[in-house]
>>> print(open('final-v4.txt').read())   # compact mmCIF, C-alpha atoms and all ligand atoms
# COMPACT_ATOMS: atom_id res chain seq x y z
CA MET V 1 -35.70 -53.90 -79.89
CA ASP V 2 -34.66 -57.23 -78.29
CA ALA V 3 -31.01 -57.55 -77.40
CA VAL V 4 -29.37 -57.62 -80.79
CA GLN V 5 -27.17 -60.63 -81.56
CA ALA V 6 -24.48 -60.90 -84.21
CA ILE V 7 -23.39 -63.52 -86.72
CA VAL V 8 -19.86 -63.17 -88.04
CA LEU V 9 -19.10 -64.96 -91.32
CA VAL V 10 -15.67 -66.48 -90.95
CA GLY V 11 -15.90 -69.54 -93.17
CA GLY V 12 -14.28 -68.35 -96.39
CA GLU V 13 -11.04 -69.84 -97.70
CA GLY V 14 -9.45 -66.45 -98.31
CA THR V 15 -7.95 -67.58 -101.63
CA ARG V 16 -6.90 -64.07 -102.61
CA LEU V 17 -4.69 -63.80 -99.53
CA ARG V 18 -2.78 -66.98 -100.28
CA PRO V 19 -0.16 -68.05 -99.32
CA LEU V 20 -0.94 -66.35 -95.97
CA THR V 21 -4.25 -68.19 -95.66
CA TYR V 22 -2.81 -71.65 -96.29
CA ARG V 23 -1.95 -71.82 -92.63
CA THR V 24 -3.84 -68.92 -91.05
CA PRO V 25 -7.57 -68.44 -91.73
CA LYS V 26 -8.33 -64.89 -92.84
CA PRO V 27 -10.06 -63.84 -89.57
CA MET V 28 -6.88 -64.78 -87.68
CA VAL V 29 -4.56 -62.78 -89.93
CA PRO V 30 -3.06 -60.13 -87.65
CA ILE V 31 -3.81 -56.43 -87.82
CA VAL V 32 -1.07 -54.66 -85.87
CA GLY V 33 -0.27 -57.76 -83.88
CA VAL V 34 -3.80 -58.91 -83.03
CA PRO V 35 -6.00 -61.29 -85.06
CA PHE V 36 -8.19 -59.29 -87.33
CA LEU V 37 -11.38 -60.79 -85.87
CA VAL V 38 -10.52 -59.28 -82.48
CA ARG V 39 -10.92 -55.85 -84.08
CA THR V 40 -14.52 -56.75 -85.03
CA MET V 41 -15.18 -58.15 -81.55
CA GLU V 42 -13.92 -54.93 -79.95
CA ARG V 43 -16.48 -52.99 -81.95
CA LEU V 44 -19.28 -55.36 -81.02
CA HIS V 45 -18.35 -55.18 -77.36
CA GLU V 46 -18.28 -51.39 -77.48
CA ALA V 47 -21.82 -51.39 -78.92
CA GLY V 48 -23.05 -53.73 -76.19
CA ILE V 49 -23.54 -56.66 -78.57
CA LEU V 50 -22.24 -59.54 -76.49
CA ASP V 51 -23.99 -62.60 -77.94
CA VAL V 52 -22.14 -63.63 -81.10
CA VAL V 53 -22.30 -66.64 -83.43
CA PHE V 54 -19.28 -67.49 -85.60
CA ALA V 55 -20.24 -69.22 -88.84
CA ALA V 56 -16.96 -70.97 -89.56
CA GLY V 57 -15.74 -73.73 -91.86
CA TYR V 58 -12.21 -73.22 -93.12
CA MET V 59 -9.57 -73.97 -90.43
CA PRO V 60 -12.02 -73.40 -87.60
CA GLN V 61 -9.76 -74.73 -84.87
CA GLN V 62 -7.47 -71.71 -84.82
CA ILE V 63 -10.57 -69.58 -84.29
CA THR V 64 -12.13 -71.76 -81.57
CA ASP V 65 -8.78 -72.13 -79.76
CA TYR V 66 -8.28 -68.38 -79.65
CA PHE V 67 -11.77 -67.20 -78.77
CA GLY V 68 -13.11 -70.14 -76.76
CA ASP V 69 -16.55 -69.44 -75.32
CA GLY V 70 -15.85 -65.70 -75.45
CA SER V 71 -15.81 -65.18 -71.70
CA GLN V 72 -12.31 -63.69 -71.72
CA PHE V 73 -13.74 -60.94 -73.96
CA GLY V 74 -16.80 -60.51 -71.77
CA MET V 75 -18.91 -62.04 -74.56
CA ARG V 76 -20.72 -65.26 -75.38
CA ILE V 77 -19.57 -66.99 -78.56
CA THR V 78 -21.36 -69.91 -80.21
CA TYR V 79 -19.84 -71.75 -83.17
CA ALA V 80 -21.34 -73.43 -86.20
CA ILE V 81 -18.82 -75.28 -88.34
CA GLU V 82 -19.86 -75.96 -91.95
CA GLU V 83 -18.56 -79.18 -93.45
CA THR V 84 -18.97 -77.74 -96.91
CA PRO V 85 -19.27 -73.96 -97.46
CA LEU V 86 -22.91 -72.86 -97.40
CA GLY V 87 -22.37 -69.39 -98.84
CA THR V 88 -23.12 -66.09 -97.13
CA ALA V 89 -26.88 -66.72 -96.62
CA GLY V 90 -26.70 -70.51 -96.23
CA ALA V 91 -24.33 -69.88 -93.33
CA LEU V 92 -27.02 -67.73 -91.65
CA LYS V 93 -29.74 -70.33 -92.15
CA ASN V 94 -27.39 -72.89 -90.61
CA VAL V 95 -27.28 -70.94 -87.32
CA ALA V 96 -30.97 -69.95 -87.27
CA GLU V 97 -31.62 -71.98 -84.11
CA HIS V 98 -29.33 -69.63 -82.16
CA ILE V 99 -31.02 -66.43 -83.31
CA ARG V 100 -33.94 -65.03 -81.31
CA GLY V 101 -34.58 -61.58 -82.77
CA PRO V 102 -32.90 -58.88 -84.86
CA PHE V 103 -29.27 -59.62 -85.61
CA PHE V 104 -26.22 -58.08 -87.19
CA VAL V 105 -24.28 -59.93 -89.88
CA PHE V 106 -20.62 -59.12 -90.46
CA ASN V 107 -18.48 -60.24 -93.31
CA GLY V 108 -15.45 -61.41 -91.40
CA ASP V 109 -12.99 -59.47 -93.53
CA ILE V 110 -14.14 -55.87 -93.17
CA LEU V 111 -12.26 -53.27 -91.15
CA THR V 112 -14.50 -50.28 -90.47
CA SER V 113 -15.18 -47.55 -87.96
CA LEU V 114 -18.96 -47.92 -88.48
CA ASP V 115 -21.02 -46.84 -85.43
CA LEU V 116 -23.21 -49.88 -84.73
CA ARG V 117 -25.47 -48.12 -82.23
CA ALA V 118 -26.28 -45.42 -84.80
CA MET V 119 -27.08 -48.14 -87.34
CA MET V 120 -29.44 -49.79 -84.83
CA ARG V 121 -31.30 -46.50 -84.32
CA TYR V 122 -31.61 -46.02 -88.09
CA HIS V 123 -32.91 -49.57 -88.56
CA GLU V 124 -35.62 -48.99 -85.93
CA GLU V 125 -36.64 -45.69 -87.51
CA LYS V 126 -36.93 -47.19 -90.98
CA GLY V 127 -38.70 -50.36 -89.90
CA GLY V 128 -37.63 -52.55 -92.83
CA VAL V 129 -36.74 -56.25 -92.64
CA GLY V 130 -33.12 -55.29 -93.13
CA THR V 131 -30.66 -52.42 -93.16
CA LEU V 132 -27.46 -52.67 -95.19
CA HIS V 133 -24.37 -50.58 -94.57
CA LEU V 134 -23.31 -48.99 -97.85
CA ILE V 135 -20.14 -47.11 -98.70
CA GLU V 136 -19.64 -44.81 -101.66
CA VAL V 137 -16.66 -45.65 -103.84
CA GLU V 138 -15.29 -44.01 -106.97
CA ASP V 139 -15.56 -47.15 -109.06
CA PRO V 140 -18.14 -49.75 -108.03
CA SER V 141 -17.36 -52.04 -111.00
CA PRO V 142 -15.21 -54.52 -109.02
CA PHE V 143 -17.92 -54.80 -106.37
CA GLY V 144 -21.55 -54.36 -107.30
CA CYS V 145 -23.77 -51.38 -106.73
CA VAL V 146 -26.82 -51.16 -104.52
CA VAL V 147 -29.48 -48.88 -105.99
CA ASN V 148 -31.37 -46.85 -103.36
CA ASP V 149 -33.68 -43.81 -103.37
CA ALA V 150 -33.77 -40.59 -101.36
CA GLU V 151 -35.58 -42.37 -98.50
CA GLY V 152 -32.89 -45.06 -98.48
CA ALA V 153 -35.17 -47.78 -99.86
CA ILE V 154 -33.16 -50.31 -101.87
CA SER V 155 -34.57 -51.27 -105.27
CA ALA V 156 -31.85 -53.31 -106.96
CA PHE V 157 -28.49 -55.04 -106.66
CA ILE V 158 -26.25 -54.87 -109.69
CA GLU V 159 -23.34 -57.33 -109.57
CA LYS V 160 -19.98 -56.11 -110.88
CA PRO V 161 -21.35 -53.60 -113.43
CA PRO V 162 -19.00 -52.87 -116.39
CA ALA V 163 -16.91 -49.75 -115.61
CA GLY V 164 -18.84 -46.52 -116.23
CA THR V 165 -22.27 -48.17 -116.43
CA ALA V 166 -23.27 -48.37 -112.74
CA PRO V 167 -26.31 -46.21 -111.86
CA CYS V 168 -24.80 -45.35 -108.46
CA ASN V 169 -21.56 -45.59 -106.53
CA ASP V 170 -22.90 -47.18 -103.34
CA ILE V 171 -21.53 -50.62 -102.61
CA ASN V 172 -22.46 -53.26 -100.08
CA ALA V 173 -20.04 -52.73 -97.20
CA GLY V 174 -20.63 -56.16 -95.63
CA THR V 175 -22.51 -55.25 -92.43
CA TYR V 176 -26.26 -55.91 -92.22
CA LEU V 177 -28.87 -55.57 -89.50
CA LEU V 178 -31.69 -58.00 -90.23
CA GLU V 179 -34.99 -59.01 -88.68
CA ARG V 180 -35.28 -62.66 -87.80
CA GLU V 181 -37.89 -63.27 -90.53
CA VAL V 182 -35.14 -62.87 -93.15
CA LEU V 183 -33.93 -66.33 -92.10
CA ASP V 184 -37.30 -67.76 -93.23
CA ALA V 185 -36.56 -66.58 -96.77
CA ILE V 186 -33.36 -68.65 -97.04
CA PRO V 187 -33.75 -72.23 -98.30
CA PRO V 188 -32.05 -74.79 -96.05
CA GLY V 189 -29.42 -77.38 -96.89
CA ARG V 190 -27.69 -75.81 -99.88
CA PRO V 191 -25.25 -72.97 -100.58
CA VAL V 192 -27.05 -69.62 -100.88
CA SER V 193 -25.53 -66.19 -101.52
CA ILE V 194 -27.12 -63.35 -99.58
CA GLU V 195 -26.09 -60.70 -102.11
CA ARG V 196 -27.11 -62.59 -105.22
CA GLU V 197 -30.16 -64.53 -104.02
CA THR V 198 -31.65 -63.55 -100.69
CA PHE V 199 -31.60 -59.75 -100.88
CA PRO V 200 -32.96 -59.55 -104.45
CA GLN V 201 -35.68 -62.09 -103.56
CA LEU V 202 -36.74 -60.12 -100.50
CA ILE V 203 -37.16 -57.01 -102.61
CA ALA V 204 -39.03 -58.89 -105.33
CA SER V 205 -41.47 -60.16 -102.68
CA GLY V 206 -42.20 -56.60 -101.53
CA LYS V 207 -40.10 -56.58 -98.34
CA ARG V 208 -38.28 -53.39 -97.46
CA LEU V 209 -34.48 -53.22 -97.29
CA TYR V 210 -32.88 -49.89 -96.40
CA ALA V 211 -29.51 -48.41 -97.20
CA TYR V 212 -27.46 -47.02 -94.34
CA ARG V 213 -24.95 -44.83 -96.15
CA THR V 214 -22.02 -43.54 -94.15
CA ARG V 215 -18.60 -42.05 -94.69
CA ASP V 216 -16.87 -44.21 -92.11
CA TYR V 217 -13.48 -45.69 -92.64
CA TRP V 218 -13.99 -48.97 -94.51
CA ILE V 219 -11.71 -51.48 -96.14
CA ASP V 220 -12.16 -55.06 -97.28
CA LEU V 221 -9.06 -57.05 -96.34
CA GLY V 222 -9.51 -59.53 -99.15
CA ARG V 223 -6.33 -58.74 -101.10
CA PRO V 224 -2.70 -58.17 -100.03
CA GLU V 225 -2.70 -54.55 -101.25
CA GLN V 226 -5.70 -53.82 -99.06
CA TYR V 227 -4.09 -55.56 -96.11
CA LEU V 228 -1.07 -53.27 -96.41
CA ALA V 229 -3.30 -50.22 -96.94
CA ALA V 230 -5.24 -51.10 -93.76
CA HIS V 231 -1.98 -51.10 -91.80
CA ARG V 232 -0.96 -47.74 -93.23
CA ASP V 233 -4.35 -46.38 -92.21
CA VAL V 234 -4.11 -47.76 -88.69
CA LEU V 235 -0.60 -46.32 -88.28
CA SER V 236 -1.67 -42.90 -89.60
CA GLY V 237 -4.78 -42.86 -87.41
CA ALA V 238 -7.16 -42.80 -90.41
CA MET V 239 -8.66 -46.05 -89.07
CA PRO V 240 -9.19 -45.62 -85.33
CA LEU V 241 -8.84 -48.89 -83.40
CA ILE V 242 -10.77 -49.30 -80.18
CA VAL V 243 -7.71 -50.67 -78.43
CA GLU V 244 -4.96 -48.47 -79.83
CA PRO V 245 -1.62 -50.20 -80.22
CA GLY V 246 0.36 -46.94 -79.95
CA LEU V 247 2.59 -46.00 -82.81
CA THR V 248 5.60 -47.75 -81.45
CA GLY V 249 4.38 -50.80 -79.56
CA ASP V 250 5.59 -53.03 -76.76
CA GLY V 251 9.00 -53.59 -78.23
CA ALA V 252 9.92 -49.93 -78.31
CA ALA V 253 12.00 -49.61 -75.17
CA ALA V 254 14.95 -51.66 -76.32
CA ILE V 255 15.22 -50.17 -79.83
CA ASP V 256 17.64 -47.53 -81.04
CA ARG V 257 15.44 -44.66 -82.24
CA ASN V 258 17.91 -43.89 -85.03
CA ALA V 259 16.83 -47.08 -86.75
CA ILE V 260 13.14 -46.08 -86.79
CA VAL V 261 11.32 -43.90 -89.32
CA GLU V 262 7.81 -43.40 -87.87
CA PRO V 263 5.10 -44.50 -88.18
CA VAL V 264 6.17 -47.93 -87.04
CA HIS V 265 4.69 -50.56 -84.73
CA VAL V 266 7.10 -52.93 -83.04
CA ASP V 267 5.93 -55.77 -80.86
CA ALA V 268 7.56 -57.41 -77.85
CA GLY V 269 10.98 -59.00 -78.17
CA VAL V 270 11.94 -57.32 -81.46
CA VAL V 271 15.65 -56.70 -82.05
CA ILE V 272 16.72 -54.12 -84.63
CA ASP V 273 20.36 -53.39 -85.40
CA PRO V 274 21.08 -49.66 -84.83
CA THR V 275 22.36 -49.36 -88.42
CA ALA V 276 19.14 -50.80 -89.92
CA THR V 277 16.25 -48.66 -91.17
CA VAL V 278 12.72 -49.71 -90.21
CA GLY V 279 9.81 -47.66 -91.53
CA PRO V 280 7.98 -45.68 -92.49
CA ASN V 281 4.85 -47.84 -92.31
CA ALA V 282 6.44 -50.98 -90.96
CA VAL V 283 4.80 -53.40 -88.52
CA LEU V 284 7.03 -55.98 -86.84
CA GLY V 285 5.48 -58.84 -84.87
CA ARG V 286 6.79 -60.53 -81.76
CA GLY V 287 10.42 -61.57 -81.79
CA CYS V 288 11.34 -60.22 -85.25
CA ARG V 289 15.03 -59.51 -85.86
CA VAL V 290 16.46 -57.03 -88.36
CA GLY V 291 20.20 -57.17 -89.14
CA ALA V 292 22.80 -54.47 -89.81
CA LYS V 293 22.01 -52.04 -92.60
CA ALA V 294 18.86 -53.94 -93.56
CA ILE V 295 15.88 -51.85 -94.72
CA VAL V 296 12.23 -52.72 -94.00
CA ARG V 297 9.61 -50.26 -95.19
CA GLY V 298 5.91 -50.27 -96.04
CA SER V 299 5.76 -53.88 -94.90
CA VAL V 300 4.09 -56.12 -92.36
CA LEU V 301 6.17 -58.84 -90.72
CA TRP V 302 4.28 -61.38 -88.60
CA ASP V 303 5.95 -63.05 -85.62
CA ASP V 304 9.51 -64.38 -85.54
CA VAL V 305 10.66 -63.06 -88.92
CA GLU V 306 14.39 -62.60 -89.47
CA ILE V 307 15.83 -60.09 -91.94
CA GLY V 308 19.51 -60.64 -92.70
CA SER V 309 22.08 -57.86 -92.83
CA GLY V 310 21.86 -55.61 -95.85
CA ALA V 311 18.54 -57.12 -97.00
CA LEU V 312 15.76 -54.93 -98.43
CA VAL V 313 12.04 -55.57 -97.83
CA GLU V 314 9.58 -53.17 -99.43
CA GLU V 315 5.76 -53.07 -99.49
CA SER V 316 5.51 -56.76 -98.70
CA ILE V 317 3.90 -59.16 -96.25
CA LEU V 318 6.04 -61.81 -94.56
CA ALA V 319 4.23 -64.50 -92.57
CA SER V 320 5.56 -65.98 -89.32
CA GLY V 321 8.94 -67.65 -89.31
CA VAL V 322 10.18 -66.24 -92.65
CA ARG V 323 13.96 -65.91 -92.98
CA VAL V 324 15.37 -63.39 -95.45
CA GLY V 325 19.05 -64.03 -96.11
CA ALA V 326 21.78 -61.37 -96.04
CA GLY V 327 21.66 -58.99 -98.98
CA ALA V 328 18.42 -60.45 -100.37
CA LYS V 329 15.88 -58.13 -101.94
CA ILE V 330 12.12 -58.64 -101.70
CA GLY V 331 10.39 -56.73 -104.50
CA ALA V 332 7.37 -54.56 -103.66
CA GLY V 333 3.99 -56.25 -103.48
CA SER V 334 5.33 -59.66 -102.52
CA VAL V 335 3.64 -62.08 -100.14
CA ILE V 336 5.86 -64.66 -98.46
CA GLY V 337 4.19 -67.59 -96.68
CA HIS V 338 4.91 -69.17 -93.32
CA GLY V 339 8.48 -70.32 -92.69
CA VAL V 340 9.81 -69.60 -96.19
CA ARG V 341 13.59 -69.17 -96.40
CA ILE V 342 14.91 -66.62 -98.87
CA LYS V 343 18.57 -67.33 -99.68
CA ASN V 344 21.38 -64.83 -99.19
CA GLY V 345 21.50 -62.38 -102.09
CA ALA V 346 18.26 -63.64 -103.69
CA GLN V 347 16.37 -61.10 -105.80
CA ILE V 348 12.64 -61.66 -105.43
CA GLU V 349 10.61 -60.12 -108.25
CA PRO V 350 7.94 -57.57 -107.31
CA SER V 351 4.47 -59.02 -106.61
CA SER V 352 5.82 -62.53 -106.00
CA ARG V 353 3.79 -65.11 -104.07
CA ILE V 354 6.08 -67.63 -102.38
CA GLY V 355 5.07 -70.48 -100.11
CA GLY V 356 2.68 -73.37 -100.24
CA GLN V 357 0.53 -75.31 -97.84
CA THR V 358 3.52 -76.63 -95.94
CA ALA V 359 6.04 -74.36 -94.26
CA GLY V 360 9.68 -74.05 -95.05
CA ALA V 361 10.00 -73.65 -98.82
CA SER V 362 13.15 -71.90 -99.89
CA GLU V 363 13.88 -69.56 -102.71
P1 LIG P 401 -11.63 -65.22 -101.31
O1 LIG P 401 -11.52 -66.71 -101.45
O2 LIG P 401 -10.28 -64.57 -101.38
O3 LIG P 401 -12.65 -64.59 -102.19
O4 LIG P 401 -12.09 -64.91 -99.78
P2 LIG P 401 -13.34 -65.49 -98.96
O5 LIG P 401 -13.31 -66.97 -99.03
O6 LIG P 401 -13.22 -64.95 -97.57
O7 LIG P 401 -14.61 -64.94 -99.69
P3 LIG P 401 -15.31 -63.52 -99.58
O8 LIG P 401 -14.25 -62.49 -99.37
O9 LIG P 401 -16.24 -63.36 -100.69
O10 LIG P 401 -16.18 -63.71 -98.26
C1 LIG P 401 -16.75 -62.64 -97.56
C2 LIG P 401 -16.95 -63.08 -96.11
O11 LIG P 401 -17.87 -64.16 -96.05
C3 LIG P 401 -15.69 -63.57 -95.44
O12 LIG P 401 -15.73 -63.12 -94.11
C4 LIG P 401 -15.79 -65.06 -95.51
O13 LIG P 401 -15.15 -65.68 -94.38
C5 LIG P 401 -17.28 -65.30 -95.45
N1 LIG P 401 -17.73 -66.46 -96.22
C6 LIG P 401 -17.67 -66.62 -97.56
N2 LIG P 401 -18.23 -67.79 -97.92
C7 LIG P 401 -18.65 -68.37 -96.77
C8 LIG P 401 -19.31 -69.61 -96.48
O14 LIG P 401 -19.61 -70.42 -97.36
N3 LIG P 401 -19.60 -69.87 -95.18
C9 LIG P 401 -19.25 -69.01 -94.17
N4 LIG P 401 -19.56 -69.33 -92.92
N5 LIG P 401 -18.61 -67.84 -94.40
C10 LIG P 401 -18.33 -67.53 -95.70
>>> encode(input="final-v4.txt", output="structure tokens")
Amino acid sequence: MDAVQAIVLVGGEGTRLRPLTYRTPKPMVPIVGVPFLVRTMERLHEAGILDVVFAAGYMPQQITDYFGDGSQFGMRITYAIEETPLGTAGALKNVAEHIRGPFFVFNGDILTSLDLRAMMRYHEEKGGVGTLHLIEVEDPSPFGCVVNDAEGAISAFIEKPPAGTAPCNDINAGTYLLEREVLDAIPPGRPVSIERETFPQLIASGKRLYAYRTRDYWIDLGRPEQYLAAHRDVLSGAMPLIVEPGLTGDGAAAIDRNAIVEPVHVDAGVVIDPTATVGPNAVLGRGCRVGAKAIVRGSVLWDDVEIGSGALVEESILASGVRVGAGAKIGAGSVIGHGVRIKNGAQIEPSSRIGGQTAGASE
């Protein structure tokens, strides 16, 4: 096999993660202090896949500023910026000139422990035009099931089947290994969906696509609940990271252990009052401050978040620069956007979404 390249799809607007994605594109949303896309790059690097194309579109500058030409990661990164979204296959066609042979495609919002080298071996053995990573789930109805036989040959894609009607529980896990000829099957110059158009057409034309079914850790970070679940799984060790942050991170030294209920990850410059309670399952980004008797649990705080004394934050995500006033309560399942100020004593309903495209709203 030629040196395998990779295309990472990072052009989506991430609407389900709003308000976080108003100012941070989904691939740059942090997972334990590091942009999520770095976690994908670590896996590629580990598998020796060093030539990567980012198919971007929404807020590309934060991505290009961070990753540059890739040399600091020991990789080569090429960018294609779509002026209008081309969809998951249109985005591949758009970068065809950079692709020389077989290539991986990654949905940019999947966190998985998938072994890429093992998938490459399987793809070679099977000899199809494409191999799709599939994961078995209890209920495929929110996703779409991928029908495959005992040899792994895929025969059909069923989009979002009504609950209880799906013929199998295998879903598309968002990592593909494709032969270059797949690009020839994608029409140029218009949005095309790989799941809905390209894969079904390849099968209809007699090309072979194979299922690579594994039991790896896998989560799609599309929704806030999944984002919090991914953090719980990283902290518990269920999702092994290649560069482990350690349960209590860089900020640990200066923190009174009595305030911590592990597992917790605390980044550099964090200040926690000894009478506060942080954890379990709390991640605090750089420079966060937690006041006296405040409680933060099951939550992810990005950088520079301040929690006033006596405040309560549960099962929520607070973007950078959020201020929670003294005695305020953030109900479980809330997502608070960049720079939002929550007033002293405010009671935020569970599952609230606060914050718009500009920072600094107050509630
Ligand atoms: P939602 O708006 O919340 O559905 O999120 P999303 O915009 O990221 O869409 P979705 O989760 O379906 O996308 C799956 C992956 O494909 C993500 O990594 C997206 O960044 C990427 N993606 C989706 N549409 C496009 C596109 O038109 N162009 C490119 N380059 N990437 C895309």
>>> residues_around(input="final-v4.txt", residues="stretch 269-277 of chain V", least_positions_apart="2", cutoff="12 Å", atoms="only C-alpha atoms", output="PDB file with C-alpha atoms, in the frame of the given file")
ATOM      1  CA  THR V 248       5.600 -47.750 -81.450  1.00  0.00           C
ATOM      2  CA  GLY V 249       4.380 -50.800 -79.560  1.00  0.00           C
ATOM      3  CA  ASP V 250       5.590 -53.030 -76.760  1.00  0.00           C
ATOM      4  CA  GLY V 251       9.000 -53.590 -78.230  1.00  0.00           C
ATOM      5  CA  ALA V 252       9.920 -49.930 -78.310  1.00  0.00           C
ATOM      6  CA  ALA V 253      12.000 -49.610 -75.170  1.00  0.00           C
ATOM      7  CA  ALA V 254      14.950 -51.660 -76.320  1.00  0.00           C
ATOM      8  CA  ILE V 255      15.220 -50.170 -79.830  1.00  0.00           C
ATOM      9  CA  ASP V 256      17.640 -47.530 -81.040  1.00  0.00           C
ATOM     10  CA  ARG V 257      15.440 -44.660 -82.240  1.00  0.00           C
ATOM     11  CA  ASN V 258      17.910 -43.890 -85.030  1.00  0.00           C
ATOM     12  CA  ALA V 259      16.830 -47.080 -86.750  1.00  0.00           C
ATOM     13  CA  ILE V 260      13.140 -46.080 -86.790  1.00  0.00           C
ATOM     14  CA  VAL V 261      11.320 -43.900 -89.320  1.00  0.00           C
ATOM     15  CA  GLU V 262       7.810 -43.400 -87.870  1.00  0.00           C
ATOM     16  CA  VAL V 264       6.170 -47.930 -87.040  1.00  0.00           C
ATOM     17  CA  HIS V 265       4.690 -50.560 -84.730  1.00  0.00           C
ATOM     18  CA  VAL V 266       7.100 -52.930 -83.040  1.00  0.00           C
ATOM     19  CA  ASP V 267       5.930 -55.770 -80.860  1.00  0.00           C
ATOM     20  CA  GLY V 279       9.810 -47.660 -91.530  1.00  0.00           C
ATOM     21  CA  PRO V 280       7.980 -45.680 -92.490  1.00  0.00           C
ATOM     22  CA  ASN V 281       4.850 -47.840 -92.310  1.00  0.00           C
ATOM     23  CA  ALA V 282       6.440 -50.980 -90.960  1.00  0.00           C
ATOM     24  CA  VAL V 283       4.800 -53.400 -88.520  1.00  0.00           C
ATOM     25  CA  LEU V 284       7.030 -55.980 -86.840  1.00  0.00           C
ATOM     26  CA  GLY V 285       5.480 -58.840 -84.870  1.00  0.00           C
ATOM     27  CA  ARG V 286       6.790 -60.530 -81.760  1.00  0.00           C
ATOM     28  CA  GLY V 287      10.420 -61.570 -81.790  1.00  0.00           C
ATOM     29  CA  CYS V 288      11.340 -60.220 -85.250  1.00  0.00           C
ATOM     30  CA  ARG V 289      15.030 -59.510 -85.860  1.00  0.00           C
ATOM     31  CA  VAL V 290      16.460 -57.030 -88.360  1.00  0.00           C
ATOM     32  CA  GLY V 291      20.200 -57.170 -89.140  1.00  0.00           C
ATOM     33  CA  ALA V 292      22.800 -54.470 -89.810  1.00  0.00           C
ATOM     34  CA  LYS V 293      22.010 -52.040 -92.600  1.00  0.00           C
ATOM     35  CA  ALA V 294      18.860 -53.940 -93.560  1.00  0.00           C
ATOM     36  CA  ILE V 295      15.880 -51.850 -94.720  1.00  0.00           C
ATOM     37  CA  VAL V 296      12.230 -52.720 -94.000  1.00  0.00           C
ATOM     38  CA  ARG V 297       9.610 -50.260 -95.190  1.00  0.00           C
ATOM     39  CA  GLY V 298       5.910 -50.270 -96.040  1.00  0.00           C
ATOM     40  CA  LEU V 301       6.170 -58.840 -90.720  1.00  0.00           C
ATOM     41  CA  TRP V 302       4.280 -61.380 -88.600  1.00  0.00           C
ATOM     42  CA  ASP V 303       5.950 -63.050 -85.620  1.00  0.00           C
ATOM     43  CA  ASP V 304       9.510 -64.380 -85.540  1.00  0.00           C
ATOM     44  CA  VAL V 305      10.660 -63.060 -88.920  1.00  0.00           C
ATOM     45  CA  GLU V 306      14.390 -62.600 -89.470  1.00  0.00           C
ATOM     46  CA  ILE V 307      15.830 -60.090 -91.940  1.00  0.00           C
ATOM     47  CA  GLY V 308      19.510 -60.640 -92.700  1.00  0.00           C
ATOM     48  CA  SER V 309      22.080 -57.860 -92.830  1.00  0.00           C
ATOM     49  CA  GLY V 310      21.860 -55.610 -95.850  1.00  0.00           C
ATOM     50  CA  ALA V 311      18.540 -57.120 -97.000  1.00  0.00           C
ATOM     51  CA  LEU V 312      15.760 -54.930 -98.430  1.00  0.00           C
ATOM     52  CA  VAL V 313      12.040 -55.570 -97.830  1.00  0.00           C
ATOM     53  CA  GLU V 314       9.580 -53.170 -99.430  1.00  0.00           C
TER      54      GLU V 314
END
>>> residues_around(input="final-v4.txt", residues="stretch 60-72 of chain V", least_positions_apart="6", cutoff="12 Å", atoms="only C-alpha atoms", output="ChimeraX atom specification")
/V:8-13,21,23-29,34-38,41-42,45,50-54,78-83,108
>>> residues_near_ligand(input="final-v4.txt", ligand="ligand LIG 401 (chain P)", cutoff="6 Å", atoms="all atoms listed in the file", output="PyMOL selection string")
chain V and resi 9-17+55-57+85-88+91+107-109+222
>>> closest_atom_pairs(input="final-v4.txt", of="stretch 189-248 of chain V", to="stretch 178-183 of chain V", cutoff="9 Å", atoms="all atoms listed in the file", output="JSON lines")
{"residue": "V:Thr198", "atom": "CA", "partner": "V:Val182", "partner_atom": "CA", "distance": 8.3}
{"residue": "V:Leu202", "atom": "CA", "partner": "V:Val182", "partner_atom": "CA", "distance": 8.0}
{"residue": "V:Leu209", "atom": "CA", "partner": "V:Leu178", "partner_atom": "CA", "distance": 9.0}
>>> atom_distance(input="final-v4.txt", atom1="atom CA of V:Gly174", atom2="atom CA of V:Val105")
7.8 Å
>>> closest_residue(input="final-v4.txt", among="V:Ala326, V:Ala6, V:Ile31, V:Ile49", to="V:Tyr227", atoms="all atoms listed in the file")
V:Ile31
>>> atom_distance(input="final-v4.txt", atom1="atom CA of V:Asn148", atom2="atom CA of V:Val4")
25.1 Å
